[in-house]
$ cat target17.csv   # CSV, C-alpha atoms and all ligand atoms
chain,number,residue,atom,x,y,z
S,158,MET,CA,0.0,0.0,0.0
S,159,ASN,CA,1.6,3.3,-1.1
S,160,ALA,CA,-0.9,6.0,-0.3
S,161,ALA,CA,-3.5,6.9,2.3
S,162,PRO,CA,-7.0,5.9,1.0
S,163,LEU,CA,-8.6,8.8,-0.9
S,164,PHE,CA,-12.1,7.2,-0.7
S,165,LYS,CA,-13.6,4.9,1.9
S,166,ARG,CA,-15.7,2.8,-0.5
S,167,VAL,CA,-15.2,2.8,-4.3
S,168,ALA,CA,-17.9,1.1,-6.5
S,169,LEU,CA,-16.9,0.1,-10.0
S,170,ILE,CA,-19.8,-0.7,-12.2
S,171,GLY,CA,-18.4,-3.0,-14.9
S,172,PHE,CA,-15.3,-5.0,-14.6
S,173,GLY,CA,-13.7,-5.3,-18.0
S,174,LEU,CA,-10.4,-3.8,-19.3
S,175,ILE,CA,-10.9,-0.4,-17.7
S,176,GLY,CA,-12.8,-1.4,-14.5
S,177,GLY,CA,-10.5,-4.3,-13.9
S,178,SER,CA,-7.4,-2.0,-14.4
S,179,ILE,CA,-8.7,0.6,-12.0
S,180,ALA,CA,-9.4,-2.1,-9.4
S,181,ARG,CA,-6.0,-3.6,-9.8
S,182,ALA,CA,-4.1,-0.2,-9.7
S,183,ALA,CA,-6.3,1.2,-6.8
S,184,LYS,CA,-5.7,-1.9,-4.7
S,185,LEU,CA,-2.0,-1.8,-5.4
S,186,GLN,CA,-1.8,1.9,-4.4
S,187,GLY,CA,-4.2,1.5,-1.4
S,188,LEU,CA,-6.5,4.3,-2.7
S,189,ALA,CA,-9.7,3.0,-1.1
S,190,SER,CA,-10.5,1.2,2.1
S,191,GLU,CA,-12.9,-1.0,0.2
S,192,ILE,CA,-13.5,-1.6,-3.5
S,193,VAL,CA,-16.7,-3.3,-4.7
S,194,THR,CA,-17.8,-4.1,-8.2
S,195,THR,CA,-20.5,-5.7,-10.3
S,196,ALA,CA,-20.9,-6.7,-13.9
S,197,HIS,CA,-23.8,-7.3,-16.3
S,198,SER,CA,-23.6,-11.1,-16.5
S,199,GLU,CA,-23.4,-13.8,-13.9
S,200,LYS,CA,-20.4,-15.3,-15.8
S,201,THR,CA,-18.3,-12.1,-15.4
S,202,ARG,CA,-19.3,-11.7,-11.8
S,203,ALA,CA,-18.3,-15.3,-11.0
S,204,ARG,CA,-14.9,-14.7,-12.8
S,205,VAL,CA,-14.3,-11.5,-10.8
S,206,LYS,CA,-15.0,-13.4,-7.6
S,207,GLU,CA,-12.4,-16.0,-8.6
S,208,LEU,CA,-9.8,-13.3,-9.4
S,209,GLY,CA,-10.1,-12.1,-5.8
S,210,ILE,CA,-9.0,-8.6,-6.6
S,211,VAL,CA,-11.9,-6.6,-5.0
S,212,ASP,CA,-13.5,-6.8,-1.6
S,213,ALA,CA,-17.0,-7.7,-2.8
S,214,VAL,CA,-18.8,-8.6,-6.0
S,215,LEU,CA,-22.4,-7.6,-5.9
S,216,ASP,CA,-25.3,-8.9,-7.9
S,217,GLY,CA,-26.8,-5.6,-9.1
S,218,ASN,CA,-25.8,-2.0,-9.9
S,219,ALA,CA,-28.1,-0.6,-7.1
S,220,ALA,CA,-26.5,-2.8,-4.5
S,221,ALA,CA,-23.0,-2.0,-5.7
S,222,VAL,CA,-23.4,1.8,-5.2
S,223,GLU,CA,-24.9,1.7,-1.7
S,224,GLY,CA,-22.7,3.6,0.7
S,225,ALA,CA,-20.0,4.3,-2.0
S,226,ASP,CA,-18.1,7.6,-1.8
S,227,LEU,CA,-16.8,7.2,-5.4
S,228,VAL,CA,-18.8,5.4,-8.1
S,229,ILE,CA,-17.3,4.9,-11.5
S,230,LEU,CA,-19.3,3.5,-14.5
S,231,CYS,CA,-16.8,1.3,-16.5
S,232,ILE,CA,-19.4,0.1,-19.0
S,233,PRO,CA,-20.2,0.9,-22.7
S,234,VAL,CA,-21.2,4.5,-23.4
S,235,GLY,CA,-24.7,3.5,-24.5
S,236,ALA,CA,-25.4,1.8,-21.2
S,237,CYS,CA,-24.5,4.8,-19.0
S,238,GLY,CA,-27.8,6.7,-19.2
S,239,PRO,CA,-30.0,3.7,-18.2
S,240,VAL,CA,-27.5,2.7,-15.4
S,241,ALA,CA,-27.5,6.3,-14.1
S,242,ARG,CA,-31.3,6.2,-13.9
S,243,GLU,CA,-31.1,2.8,-12.1
S,244,ILE,CA,-28.5,3.8,-9.5
S,245,ALA,CA,-29.7,7.4,-8.8
S,246,PRO,CA,-32.0,6.6,-5.8
S,247,HIS,CA,-29.3,4.5,-4.2
S,248,LEU,CA,-26.4,7.0,-4.3
S,249,LYS,CA,-24.9,8.3,-1.1
S,250,PRO,CA,-25.3,12.1,-0.7
S,251,GLY,CA,-21.9,13.8,-1.3
S,252,ALA,CA,-20.6,10.9,-3.4
S,253,VAL,CA,-18.5,11.6,-6.5
S,254,ILE,CA,-20.1,9.9,-9.6
S,255,SER,CA,-17.9,9.4,-12.6
S,256,ASP,CA,-17.4,7.2,-15.7
S,257,VAL,CA,-14.7,6.3,-18.2
S,258,GLY,CA,-16.6,6.6,-21.4
S,259,SER,CA,-14.6,7.4,-24.6
S,260,VAL,CA,-17.2,10.1,-25.5
S,261,LYS,CA,-18.1,12.8,-23.1
S,262,GLY,CA,-20.9,15.0,-24.6
S,263,ALA,CA,-23.3,12.1,-24.8
S,264,ILE,CA,-22.4,10.9,-21.3
S,265,VAL,CA,-23.2,14.3,-19.8
S,266,ARG,CA,-26.5,14.4,-21.8
S,267,ASP,CA,-27.5,10.9,-20.8
S,268,MET,CA,-26.4,10.7,-17.2
S,269,ALA,CA,-26.7,14.2,-15.7
S,270,PRO,CA,-30.6,14.5,-15.8
S,271,HIS,CA,-30.9,11.3,-13.7
S,272,LEU,CA,-28.4,12.2,-10.9
S,273,PRO,CA,-29.6,13.8,-7.7
S,274,LYS,CA,-28.4,17.3,-6.8
S,275,SER,CA,-26.8,15.8,-3.6
S,276,VAL,CA,-24.0,14.0,-5.6
S,277,HIS,CA,-21.0,15.4,-7.6
S,278,PHE,CA,-20.9,14.4,-11.2
S,279,VAL,CA,-17.4,14.4,-12.7
S,280,PRO,CA,-17.2,12.6,-16.0
S,281,ALA,CA,-13.7,11.2,-17.0
S,282,HIS,CA,-12.0,9.5,-19.9
S,283,PRO,CA,-8.7,7.7,-19.3
S,284,VAL,CA,-7.0,7.8,-22.7
S,285,ALA,CA,-5.5,4.4,-22.3
S,286,GLY,CA,-6.5,1.0,-23.5
S,287,THR,CA,-5.7,-2.1,-25.5
S,288,GLU,CA,-7.7,-4.1,-28.0
S,289,HIS,CA,-8.6,-6.7,-25.2
S,290,SER,CA,-11.7,-6.7,-23.1
S,291,GLY,CA,-13.2,-8.7,-20.3
S,292,PRO,CA,-12.4,-9.3,-16.6
S,293,ASP,CA,-9.0,-10.9,-17.3
S,294,SER,CA,-7.7,-8.1,-19.6
S,295,GLY,CA,-7.0,-5.4,-17.1
S,296,PHE,CA,-3.6,-4.6,-15.5
S,297,ALA,CA,-2.5,-2.2,-12.9
S,298,GLU,CA,0.0,-0.3,-15.1
S,299,LEU,CA,-2.5,0.6,-17.8
S,300,PHE,CA,-2.8,4.3,-16.8
S,301,ILE,CA,0.8,5.1,-16.0
S,302,ASN,CA,1.9,8.2,-17.9
S,303,ARG,CA,-1.4,8.2,-20.0
S,304,TRP,CA,-3.8,11.1,-20.0
S,305,CYS,CA,-7.1,11.1,-18.1
S,306,ILE,CA,-9.4,13.9,-19.2
S,307,LEU,CA,-12.0,15.2,-16.8
S,308,THR,CA,-15.0,17.1,-18.2
S,309,PRO,CA,-16.9,18.4,-15.1
S,310,PRO,CA,-20.1,20.3,-16.1
S,311,GLU,CA,-20.2,24.0,-15.2
S,312,GLY,CA,-20.8,24.6,-11.5
S,313,THR,CA,-19.4,21.3,-10.3
S,314,ASP,CA,-17.9,21.5,-6.8
S,315,PRO,CA,-14.1,22.1,-7.4
S,316,HIS,CA,-13.3,20.0,-4.3
S,317,ALA,CA,-15.0,16.9,-5.9
S,318,VAL,CA,-13.0,17.5,-9.1
S,319,GLU,CA,-9.8,17.7,-7.1
S,320,ARG,CA,-10.6,14.4,-5.3
S,321,LEU,CA,-11.1,12.7,-8.6
S,322,ARG,CA,-8.0,14.3,-10.1
S,323,GLY,CA,-6.0,13.0,-7.1
S,324,PHE,CA,-7.5,9.5,-7.6
S,325,TRP,CA,-6.4,9.4,-11.3
S,326,ALA,CA,-3.0,10.9,-10.5
S,327,ALA,CA,-2.5,8.2,-7.9
S,328,LEU,CA,-3.3,5.6,-10.6
S,329,GLY,CA,-0.4,7.1,-12.6
S,330,ALA,CA,-2.3,9.2,-15.0
S,331,ARG,CA,-1.6,12.8,-16.1
S,332,VAL,CA,-4.9,14.6,-15.6
S,333,GLU,CA,-6.3,17.4,-17.7
S,334,THR,CA,-9.7,19.2,-17.6
S,335,MET,CA,-11.7,20.4,-20.7
S,336,THR,CA,-15.3,20.8,-21.9
S,337,PRO,CA,-17.1,17.7,-23.1
S,338,GLU,CA,-17.5,19.2,-26.6
S,339,HIS,CA,-13.8,19.9,-26.9
S,340,HIS,CA,-12.9,16.4,-25.7
S,341,ASP,CA,-15.1,14.9,-28.3
S,342,LEU,CA,-13.6,16.9,-31.1
S,343,VAL,CA,-10.0,16.1,-30.0
S,344,LEU,CA,-10.7,12.4,-29.6
S,345,ALA,CA,-12.6,12.2,-32.9
S,346,ILE,CA,-9.3,12.8,-34.7
S,347,THR,CA,-6.8,11.2,-32.3
S,348,SER,CA,-8.8,8.0,-31.6
S,349,HIS,CA,-12.2,7.6,-33.2
S,350,LEU,CA,-11.2,8.3,-36.8
S,351,PRO,CA,-8.1,6.0,-36.6
S,352,HIS,CA,-10.4,3.2,-35.4
S,353,LEU,CA,-12.8,3.9,-38.2
S,354,ILE,CA,-10.0,3.8,-40.8
S,355,ALA,CA,-8.6,0.5,-39.3
S,356,TYR,CA,-12.1,-1.1,-39.3
S,357,THR,CA,-12.5,0.0,-43.0
S,358,ILE,CA,-9.1,-1.1,-44.3
S,359,VAL,CA,-9.3,-4.5,-42.6
S,360,GLY,CA,-12.8,-5.0,-43.9
S,361,THR,CA,-11.7,-4.0,-47.4
S,362,ALA,CA,-8.9,-6.4,-47.4
S,363,GLU,CA,-11.2,-9.2,-46.2
S,364,GLU,CA,-13.6,-8.5,-49.1
S,365,LEU,CA,-10.9,-8.3,-51.9
S,366,ALA,CA,-11.6,-10.7,-54.8
S,367,GLN,CA,-8.0,-10.7,-56.2
S,368,VAL,CA,-6.2,-11.4,-52.9
S,369,THR,CA,-7.3,-14.4,-50.8
S,370,GLU,CA,-7.9,-14.1,-47.1
S,371,SER,CA,-5.0,-16.5,-46.4
S,372,GLU,CA,-2.7,-14.2,-48.3
S,373,VAL,CA,-3.9,-11.1,-46.4
S,374,ILE,CA,-3.0,-13.0,-43.1
S,375,LYS,CA,0.2,-14.5,-44.5
S,376,PHE,CA,1.7,-11.2,-45.8
S,377,SER,CA,0.4,-9.0,-43.0
S,378,ALA,CA,3.8,-8.1,-41.6
S,379,GLY,CA,3.7,-4.6,-43.1
S,380,GLY,CA,1.5,-1.7,-42.1
S,381,PHE,CA,-1.7,-3.8,-42.3
S,382,ARG,CA,-0.8,-5.8,-39.2
S,383,ASP,CA,-0.9,-2.7,-37.0
S,384,PHE,CA,-4.4,-1.8,-38.4
S,385,THR,CA,-5.6,-5.3,-37.5
S,386,ARG,CA,-4.7,-4.7,-33.8
S,387,ILE,CA,-6.9,-1.6,-33.7
S,388,ALA,CA,-9.6,-3.3,-35.8
S,389,ALA,CA,-9.8,-6.1,-33.2
S,390,SER,CA,-11.2,-3.7,-30.6
S,391,ASP,CA,-14.4,-4.5,-28.9
S,392,PRO,CA,-17.4,-4.1,-31.3
S,393,THR,CA,-19.9,-3.0,-28.6
S,394,MET,CA,-17.7,-0.3,-27.3
S,395,TRP,CA,-16.9,1.1,-30.7
S,396,ARG,CA,-20.4,0.9,-32.0
S,397,ASP,CA,-21.4,3.1,-29.1
S,398,VAL,CA,-18.5,5.5,-29.6
S,399,PHE,CA,-19.6,6.2,-33.2
S,400,LEU,CA,-23.2,6.5,-32.4
S,401,ALA,CA,-22.5,8.8,-29.5
S,402,ASN,CA,-19.9,11.1,-31.2
S,403,LYS,CA,-21.6,11.3,-34.5
S,404,GLU,CA,-21.2,15.0,-35.1
S,405,ALA,CA,-17.5,15.3,-34.3
S,406,VAL,CA,-16.6,12.2,-36.2
S,407,LEU,CA,-18.5,13.3,-39.3
S,408,GLU,CA,-16.8,16.7,-39.2
S,409,MET,CA,-13.3,15.0,-39.0
S,410,LEU,CA,-14.3,12.5,-41.6
S,411,GLY,CA,-15.2,15.4,-44.0
S,412,THR,CA,-11.7,16.9,-43.6
S,413,PHE,CA,-10.1,13.4,-43.9
S,414,ASN,CA,-11.9,12.7,-47.1
S,415,GLU,CA,-10.6,16.0,-48.6
S,416,ASP,CA,-7.0,15.2,-47.6
S,417,LEU,CA,-7.4,11.7,-49.0
S,418,SER,CA,-8.6,13.2,-52.3
S,419,LYS,CA,-5.5,15.4,-52.4
S,420,LEU,CA,-3.2,12.4,-51.9
S,421,THR,CA,-5.2,10.4,-54.5
S,422,ARG,CA,-4.7,13.3,-57.0
S,423,ALA,CA,-0.9,13.4,-56.2
S,424,ILE,CA,-0.6,9.7,-56.9
S,425,ARG,CA,-2.6,9.9,-60.1
S,426,ARG,CA,-0.5,12.8,-61.4
S,427,GLY,CA,2.7,11.3,-60.3
S,428,ASP,CA,3.3,14.4,-58.0
S,429,GLY,CA,6.2,13.0,-56.0
S,430,GLU,CA,7.0,16.4,-54.4
S,431,ALA,CA,3.5,16.6,-52.9
S,432,LEU,CA,3.7,13.1,-51.5
S,433,PHE,CA,7.2,13.7,-50.1
S,434,ASP,CA,6.1,17.0,-48.4
S,435,HIS,CA,3.1,15.3,-46.9
S,436,PHE,CA,5.0,12.3,-45.6
S,437,THR,CA,7.7,14.6,-44.1
S,438,ARG,CA,5.1,16.5,-42.1
S,439,THR,CA,3.5,13.4,-40.8
S,440,ARG,CA,6.9,12.0,-39.7
S,441,ALA,CA,7.3,15.0,-37.5
S,442,ILE,CA,4.0,14.2,-35.7
S,443,ARG,CA,5.4,10.7,-34.8
S,444,ARG,CA,8.6,12.3,-33.5
S,445,GLY,CA,6.5,14.6,-31.3
S,446,ILE,CA,4.5,11.6,-29.9
S,447,VAL,CA,7.7,9.8,-29.0
S,448,GLU,CA,9.4,13.0,-27.5
S,449,THR,CA,6.4,13.6,-25.2
S,450,GLY,CA,6.7,10.0,-23.9
S,451,GLN,CA,3.4,8.8,-25.4
S,452,ASP,CA,5.1,6.0,-27.3
S,453,SER,CA,8.4,4.1,-27.4
S,454,ALA,CA,11.1,5.2,-29.8
S,455,ALA,CA,12.0,1.5,-30.4
S,456,PRO,CA,11.6,0.3,-34.0
S,457,ASP,CA,8.4,-1.7,-34.7
S,458,PHE,CA,6.8,-0.4,-31.5
S,459,GLY,CA,9.4,-2.3,-29.5
S,460,ARG,CA,8.2,-5.7,-30.6
S,461,PRO,CA,10.7,-8.4,-29.7
S,462,HIS,CA,12.7,-9.8,-32.6
S,463,PRO,CA,14.7,-12.6,-30.8
S,464,GLN,CA,15.9,-14.1,-34.1
S,465,LEU,CA,17.7,-10.9,-34.9
S,466,ALA,CA,19.3,-10.5,-31.5
S,467,LYS,CA,20.8,-14.1,-31.7
S,468,LYS,CA,24.4,-14.1,-33.0
S,469,PRO,CA,25.0,-16.4,-35.9
S,470,ASP,CA,27.0,-19.6,-35.0
X,501,LIG,P1,-15.2,-4.3,-21.4
X,501,LIG,O1,-13.8,-4.9,-21.2
X,501,LIG,O2,-16.0,-4.9,-22.5
X,501,LIG,O3,-16.0,-4.3,-20.1
X,501,LIG,C1,-17.3,-3.8,-20.0
X,501,LIG,C2,-17.9,-4.2,-18.6
X,501,LIG,O4,-19.1,-3.5,-18.5
X,501,LIG,C3,-18.1,-5.6,-18.4
X,501,LIG,O5,-17.8,-6.0,-17.1
X,501,LIG,C4,-19.6,-5.8,-18.6
X,501,LIG,O6,-20.2,-6.9,-18.0
X,501,LIG,C5,-20.1,-4.5,-18.0
X,501,LIG,N1,-21.4,-4.0,-18.3
X,501,LIG,C6,-21.9,-3.8,-19.6
X,501,LIG,N2,-23.2,-3.3,-19.5
X,501,LIG,C7,-23.5,-3.2,-18.2
X,501,LIG,C8,-24.6,-2.8,-17.4
X,501,LIG,N3,-25.7,-2.4,-18.0
X,501,LIG,N4,-24.5,-2.9,-16.1
X,501,LIG,C9,-23.4,-3.3,-15.4
X,501,LIG,N5,-22.3,-3.7,-16.1
X,501,LIG,C10,-22.3,-3.7,-17.4
X,501,LIG,O7,-15.1,-2.8,-21.8
X,501,LIG,P2,-13.9,-1.7,-21.5
X,501,LIG,O8,-12.9,-1.8,-22.6
X,501,LIG,O9,-13.5,-1.8,-20.1
X,501,LIG,O10,-14.7,-0.4,-21.7
X,501,LIG,C11,-15.6,0.2,-20.8
X,501,LIG,C12,-15.7,1.7,-21.0
X,501,LIG,O11,-14.4,2.3,-21.0
X,501,LIG,C13,-16.4,2.1,-22.3
X,501,LIG,O12,-17.3,3.1,-22.1
X,501,LIG,C14,-15.2,2.6,-23.2
X,501,LIG,O13,-15.7,3.6,-24.0
X,501,LIG,C15,-14.3,3.1,-22.1
X,501,LIG,N6,-12.8,3.1,-22.5
X,501,LIG,C16,-12.3,2.0,-23.2
X,501,LIG,C17,-11.0,2.0,-23.6
X,501,LIG,C18,-10.4,0.8,-24.3
X,501,LIG,O14,-9.4,0.9,-24.9
X,501,LIG,N7,-11.0,-0.4,-24.2
X,501,LIG,C19,-10.2,3.1,-23.3
X,501,LIG,C20,-10.7,4.2,-22.6
X,501,LIG,C21,-12.0,4.2,-22.2
X,501,LIG,P3,-20.3,-8.3,-18.7
X,501,LIG,O15,-18.8,-8.8,-18.9
X,501,LIG,O16,-21.0,-9.2,-17.8
X,501,LIG,O17,-21.0,-8.1,-20.0
$ encode --input "target17.csv" --output "structure tokens"
Amino acid sequence: MNAAPLFKRVALIGFGLIGGSIARAAKLQGLASEIVTTAHSEKTRARVKELGIVDAVLDGNAAAVEGADLVILCIPVGACGPVAREIAPHLKPGAVISDVGSVKGAIVRDMAPHLPKSVHFVPAHPVAGTEHSGPDSGFAELFINRWCILTPPEGTDPHAVERLRGFWAALGARVETMTPEHHDLVLAITSHLPHLIAYTIVGTAEELAQVTESEVIKFSAGGFRDFTRIAASDPTMWRDVFLANKEAVLEMLGTFNEDLSKLTRAIRRGDGEALFDHFTRTRAIRRGIVETGQDSAAPDFGRPHPQLAKKPD
């Protein structure tokens, strides 16, 4: 245990990649006297009991939030409104209510009307994840050095925002605050559009008539392989993200399509200079990401290549 508990009882609704990672990290850091959780299915609840990470696994959302000082919804974006309505009468006055949804405008729209005035609603989005999901996929280090964006509605008690900021900082995250609208615009280009492109390109490859599926898999060592990792992300989560962040994604998609047309034109005309200039600019973005510590500088994302490391006999 590294820190004094910041909350007495933390309730995590949903125990998948994000809920499971919060539970593991919060336990490791001693951030709560007690952590309780629940999940949608009996199967997941049984698995979480087996894992033995949290203090209690409860059978319903209402039971889970009873007496909790911090409640975090770690469930798909589309489920947050109905769950907020369900738990509202059971929330402890003064509790901080949060979520981890990848879209924030829709979360505020769907959750805020149900929550009583006696609680503090501070939506959050940890910008950290993998393509895995479910109760076994989480790990305590997931949030270290990643951003967590808080989007408190206007008039939220600053003390409640500070408490949640402290919680995420103790999980290892760098915390920033912005409006839900700005969050959705930024994430549309940095996360949602890349996922859409990955889903598109992998789908296109699968449907190609001239190249067989086995060839796509066999020769996937190039850029395609990295798209397949993103395109393996959870279908429920990403369906909800695109439905919930429709406006911002469509806006970014419009700009993207214009840029794609420019590159298409450059290829058609054999305009090497235009291609070279464009690729030089994008290379600088990658350098910036590495320099700010958001990714490793190691070649091929640091994937191990043991066969190269081995000296020839
Ligand atoms: P996940 O691994 O699929 O886990 C989702 C959890 O929510 C499961 O435990 C599921 O229970 C539970 N659940 C679903 N509907 C519920 C309901 N109505 N009541 C109670 N529990 C319910 O998903 P995740 O990747 O952790 O994503 C959760 C949230 O985090 C999403 O809003 C997503 O936008 C956000 N997020 C994800 C990532 C990422 O990379 N994955 C990154 C940042 C933020 P069952 O297992 O029983 O169905």
$ residues_around --input "target17.csv" --residues "Asp341 (chain S)" --least-positions-apart "4" --cutoff "8 Å" --atoms "all atoms listed in the file" --output "PyMOL selection string"
chain S and resi 260-262+337+345+402+405
$ residues_near_ligand --input "target17.csv" --ligand "ligand LIG 501 (chain X)" --cutoff "8 Å" --atoms "all atoms listed in the file" --output "PyMOL selection string"
chain S and resi 170-177+195-202+217-218+230-237+239-240+256-260+282-292+294-295+390-391+393-395+397-398
$ closest_residue --input "target17.csv" --among "S:Arg443, S:His277, S:Arg331, S:His435" --to "Ala317 (chain S)" --atoms "all atoms listed in the file"
S:His277
$ closest_residue --input "target17.csv" --among "S:Met268, S:Ile346, S:Ile442, S:Ala389" --to "Gly411 (chain S)" --atoms "all atoms listed in the file"
S:Ile346
$ atom_distance --input "target17.csv" --atom1 "CA of Thr334 (chain S)" --atom2 "CA of Ile254 (chain S)"
16.1 Å
$ closest_residue --input "target17.csv" --among "S:Trp325, S:Ser348, S:Arg438, S:Leu420" --to "Phe399 (chain S)" --atoms "all atoms listed in the file"
S:Ser348
